[in-house]
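Asker: First, the structure itself, so that you have it in front of you.
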Amino acid sequence: LGGLPVDNQLTAFHSAEELEYFQENIHLLQADTSEFFATSSLCINCHSFDPDGRASVDAQGNDVNVVDDWRASMMANSARDPFWRAKVSHEVLVNPSHKVDIETSCTSCHAPLGHYRAVLTGSEHYLISDMLQDTFGIDGVSCGACHQQSEEQIGLLNSGKLNYDTSRVIYGPYLFPFEQPMELFVGYKPVWSEHINDAGLCASCHTLIVNSLDLEGNPTGTSFVEQATYHEWLNSDYNAQDVSCQSCHIPRIDDKVIIARSIGPVTGREPYGLHEMAGANTFMLQLMKENRDELGIPATEANFDSTLTYTYEMLQQKTLAFEMELDSLGSDTAYFSMTLRNLAGHKFPSGYPSRRAFIEFVVLEEDGDTLFQSGVLDDTYEVMGMDDHYEPHYDIIRSPDQVQIYELVNADVEGQFSTVLERGFQALKDNRLPPLGFSRSHPVYDTTQIAGLALDDTDFNQLDGQEGSGGDRIRYHIPLAGYAGGSIRPRARVLYQSLPPKWMAEMFATTTPEIETFRNMYDRADQSAVVVASQDLDPIYIRGVGTRDLPAATAWRIGPNPSSDGWLNVVRRDGSSEVAQIEVFDTRGSHLASHRQSSFFLPDAPGIYLLRIYSAGQWWTSKVIRN
């Protein structure tokens, strides 16, 4: 048996014959079983696509098999993930004396069955080199990684510490499972258990606390929370309402689905969990799709296309509510506000600390020139105007070099921004949007803290003085700089990046074979940010006569003014040209209506309105009153 210390030397976990066999078949989903676990390929025969169209289909006959949904997910490819391999090599490069501990810790979540098979057979360590030669390790977070977890200490463990039931059982969500086919063909007994739907099943790998090191690699005696997605969920209303991780990431349908092909009396079960496992990392999914052959990924392009569809839907439709509005117009300033509300059951962004969301706000002049911009990406996909160190949290933005970025900023013992996880010592900033119901008095707040200026922002996770809103309101005071050219057009987008350039720079300043492999893939990839939410306001008229606006009184007859019923007629006094376009604004500058006819009704509400009339290449302005 390999992997055991012999004379204080760490030997390979596998024999030479096993390694040779594995190398010849590395690109395949290998069917393998041991005294403790089985690879996902043993599950394929029964739980994959049914050519007879009987099993794993919904009520409409759509294929919903768990294998195809899973195999292109980040979970399935966690051990093949080229960024993860590059980052592990970077951590080892920075602290080479910690190599064994770093790799053993990282494989506990990214290659759990390989890691724990080694541990259960007596090995103290399981390295990347072991994983690369191991059918169980390279299988990633496969079927048994979740379905063989014991309910013992569920939700109480973190940082890759997992309890597995090694008595050849597979836990599932259905009462009275038909046991014989699974026991006969793969040697496992299906067992019902409530804990398979418990959010605590995700806790061990989605709460990661690292022991901090100083710049010389010495322990500081403190720890640092690299990610705490499960604890963020605990500190939310979703926990209290029993909306678990599985509710969103393995969404249920109420159709009766036959869950396996079988020769026995298998009937439809409900509800059925779609193993979409969608998150937000569209960038890595697309990168892995484009490099499937080089990475040895068995998933097809069609598998990846489906997973990308699920992931975009999750990110763009189920993550964030966003609204922009004009608050007021001053003589030289336009005042806007934007409200963001987190719809996820954890912080947004959550998970690995490279991820960030930011607001792009652009105000265009009437002719399309830019009057103001904040949060625009340059040609390297980095945010323009961002501070070199890190961008603080804002309550009010007044200039283009200020941008609202929602992110976690790690710092080392000297308070300098660092992406080396073992050097994480403190959070300089954590203004990621908390989930609904998030509270600073919750018992797990020590692992989910808000950090930086967001702590002093009375709109951040607060509404009317009460915390737990799960959102933020930010104001933009836009200088008009004497602009009197007519209307302005405000456009806002919330953008998301999973691996932004600034976060990658520290790793890319070094080199290892794994870093170079990933660098080549990263440089070829489309690094565009993903639009999570967006809103454009109607054109807003800026009061005042500019070069494109002339008083209408001398050229146009507008009446009746005041109008008792709102009816207006607009005609040229000399009859020389027809009206091409009429825009109606209120006194705040908000656009209310557009008309192509010379006769029309004003809005129902009595008051003062502004008309902009376009004809013969010129804009004309007039004030009208509805009684």
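Simple scheme: letters A, B, ... for chains in structure tokens order, numbers from 1 for residues in each chain, numbers from 1 for ligands in the order shown.
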Using only C-alpha atoms, which protein or nucleic acid residues come within 7 Å of Cys143 in chain A? Drop anything in the same chain fewer than 3 positions from it, and give the result as a list in words.

Answerer: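 Skipping anything fewer than 3 positions along the chain leaves Ser40, Cys146 and His147 of chain A.
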
Asker: Write down as a PyMOL selection string the residues belonging to range 84-204 of chain A that are assigned strand (DSSP E or B) by DSSP computed on the backbone.

Answerer: chain A and resi 149+164+169-172+189-192

Asker: If DSSP is run on the backbone, what residues of range 224-287 of chain A are alpha helix (DSSP H)? A reply as a list in words would be ideal.

Answerer: Thr229, Tyr230, His231, Glu232, Trp233, Leu234, Asp237, Tyr238, Asn239, Ala240, Cys245, Gln246, Ser247, Cys248, His249, Thr282, Phe283, Met284, Leu285, Gln286 and Leu287 of chain A

Asker: Between A:Glu506, A:Asp378, A:Asp332, A:Glu583, single out the one closest to Ser598 in chain A, counting only C-alpha atoms.

Answerer: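 Using only C-alpha atoms, Ser598 in chain A sits closest to A:Glu583.
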
Asker: Nearest to Glu216 in chain A: which of A:Met314, A:Met75, A:Val94, A:Leu550 is it, counting only C-alpha atoms?

Answerer: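 Going through A:Met314, A:Met75, A:Val94, A:Leu550 one by one, the smallest distance to Glu216 in chain A is for A:Val94.
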
Asker: Excluding Leu93 in chain A and residues on its chain fewer than 3 positions from it, collect all residues at most 9 Å away from it, counting only C-alpha atoms, and give them as an mmCIF file with N, CA and C atoms, in the first residue's frame.

Answerer:
```
data_model
loop_
_atom_site.group_PDB
_atom_site.id
_atom_site.type_symbol
_atom_site.label_atom_id
_atom_site.label_comp_id
_atom_site.auth_asym_id
_atom_site.auth_seq_id
_atom_site.Cartn_x
_atom_site.Cartn_y
_atom_site.Cartn_z
ATOM 1 N N VAL A 88 -2.596 26.684 -6.294
ATOM 2 C CA VAL A 88 -1.925 25.820 -5.325
ATOM 3 C C VAL A 88 -0.418 25.874 -5.539
ATOM 4 N N SER A 89 -0.011 25.833 -6.802
ATOM 5 C CA SER A 89 1.437 25.893 -7.079
ATOM 6 C C SER A 89 2.014 27.237 -6.663
ATOM 7 N N HIS A 90 1.227 28.302 -6.777
ATOM 8 C CA HIS A 90 1.676 29.626 -6.329
ATOM 9 C C HIS A 90 1.855 29.662 -4.818
ATOM 10 N N PRO A 96 7.423 27.148 0.269
ATOM 11 C CA PRO A 96 7.738 25.777 -0.154
ATOM 12 C C PRO A 96 7.817 24.780 0.993
ATOM 13 N N LYS A 99 4.537 22.800 1.519
ATOM 14 C CA LYS A 99 3.970 22.127 0.352
ATOM 15 C C LYS A 99 3.042 20.972 0.727
ATOM 16 N N THR A 510 4.848 35.412 -10.992
ATOM 17 C CA THR A 510 5.702 34.258 -10.720
ATOM 18 C C THR A 510 5.484 33.222 -11.814
ATOM 19 N N THR A 511 6.220 32.136 -11.748
ATOM 20 C CA THR A 511 6.030 31.109 -12.773
ATOM 21 C C THR A 511 6.230 29.716 -12.197
ATOM 22 N N THR A 512 5.336 28.840 -12.565
ATOM 23 C CA THR A 512 5.441 27.391 -12.363
ATOM 24 C C THR A 512 4.831 26.766 -13.604
#
```

Asker: Which residues are close to Phe178 in chain A, i.e. within 12 Å by only C-alpha atoms, leaving aside same-chain residues fewer than 2 positions away? Reply as number ranges by chain.

Answerer: A: 172, 174-176, 180-184, 188-192, 258-269

Asker: Counting only C-alpha atoms, which residue out of A:Gln149, A:Ser331, A:Ser439, A:Ser129 sits closest to Ser469 in chain A?

Answerer: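 Ranked by minimum distance to Ser469 in chain A, first place goes to A:Ser439.
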
Asker: So which residues touch Asp237 in chain A within 6 Å, counting only C-alpha atoms, skipping near sequence neighbours fewer than 2 positions away, as a list in words?

Answerer: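 Selected residues are Asn239, Ala240, Leu436 and Gly437 of chain A.
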
Asker: So that I have them on file, write out the residues from the current selection with C-alpha atoms, as a short mmCIF file (atom, residue, chain, number, x, y, z; two decimals), in the first residue's frame.

Answerer:
```cif
data_model
loop_
_atom_site.label_atom_id
_atom_site.label_comp_id
_atom_site.auth_asym_id
_atom_site.auth_seq_id
_atom_site.Cartn_x
_atom_site.Cartn_y
_atom_site.Cartn_z
CA ASN A 239 -31.66 29.61 7.23
CA ALA A 240 -34.64 30.54 9.39
CA LEU A 436 -31.46 39.19 3.64
CA GLY A 437 -31.66 39.05 7.43
#
```

Asker: Determine the nearest neighbour of Ala321 in chain A from the options A:Val494, A:Ala552, A:Ala451, A:Met74, counting only C-alpha atoms.

Answerer: A:Val494

Asker: Please provide the set of residues having any atom within 10 Å of Lys161 in chain A, restricted to only C-alpha atoms, with same-chain residues fewer than 4 positions apart removed, written as a VMD selection string.

Answerer: chain A and resid 105 108 to 109 112 116 156 to 157 203 to 205 208

Asker: Mind dumping the selected residues with C-alpha atoms as a PDB file, in the first residue's frame?

Answerer:
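See out33.pdb below for the written result:
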```pdb
ATOM      1  CA  SER A 105      -5.521  20.670   2.661  1.00  0.00           C
ATOM      2  CA  SER A 108      -9.581  17.549   0.788  1.00  0.00           C
ATOM      3  CA  CYS A 109     -12.216  19.649  -1.004  1.00  0.00           C
ATOM      4  CA  PRO A 112     -12.326  14.505  -1.601  1.00  0.00           C
ATOM      5  CA  TYR A 116     -10.124  10.480   2.127  1.00  0.00           C
ATOM      6  CA  LEU A 156     -20.183  21.819  12.363  1.00  0.00           C
ATOM      7  CA  LEU A 157     -17.009  21.126  10.375  1.00  0.00           C
ATOM      8  CA  ALA A 203     -20.466  23.354   5.127  1.00  0.00           C
ATOM      9  CA  SER A 204     -17.146  21.528   5.292  1.00  0.00           C
ATOM     10  CA  CYS A 205     -15.859  22.797   1.956  1.00  0.00           C
ATOM     11  CA  LEU A 208     -12.499  27.688   4.756  1.00  0.00           C
TER      12      LEU A 208
END
```

Asker: I'd like to know which of A:Gly217, A:Gly296, A:Gly385, A:Pro606 is closest to Asp401 in chain A, using only C-alpha atoms.

Answerer: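 When distances to Asp401 in chain A are compared using only C-alpha atoms, the smallest one comes from A:Gly385.
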
Asker: Restricting the calculation to only C-alpha atoms: of A:Thr419, A:Arg440, A:Asn520, A:Leu455, which residue gets closest to Lys502 in chain A?

Answerer: A:Thr419

Asker: Work out how far apart CA of Arg356 in chain A and CA of Phe518 in chain A are and give it in Å to one decimal.

Answerer: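 These two atoms are separated by 20.2 Å.
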
Asker: Quick one: everything within 12 Å of Leu234 in chain A, counting only C-alpha atoms, minus sequence neighbours fewer than 4 positions away in the same chain. Send it as number ranges by chain.

Answerer: A: 155-156, 198-200, 202-203, 207, 228-230, 238-245, 345-347, 434-439, 442-445, 447-448

Asker: Would you compute the distance between CA of Gly486 in chain A and CA of Val624 in chain A? Give it in Å to one decimal.

Answerer: 17.3 Å
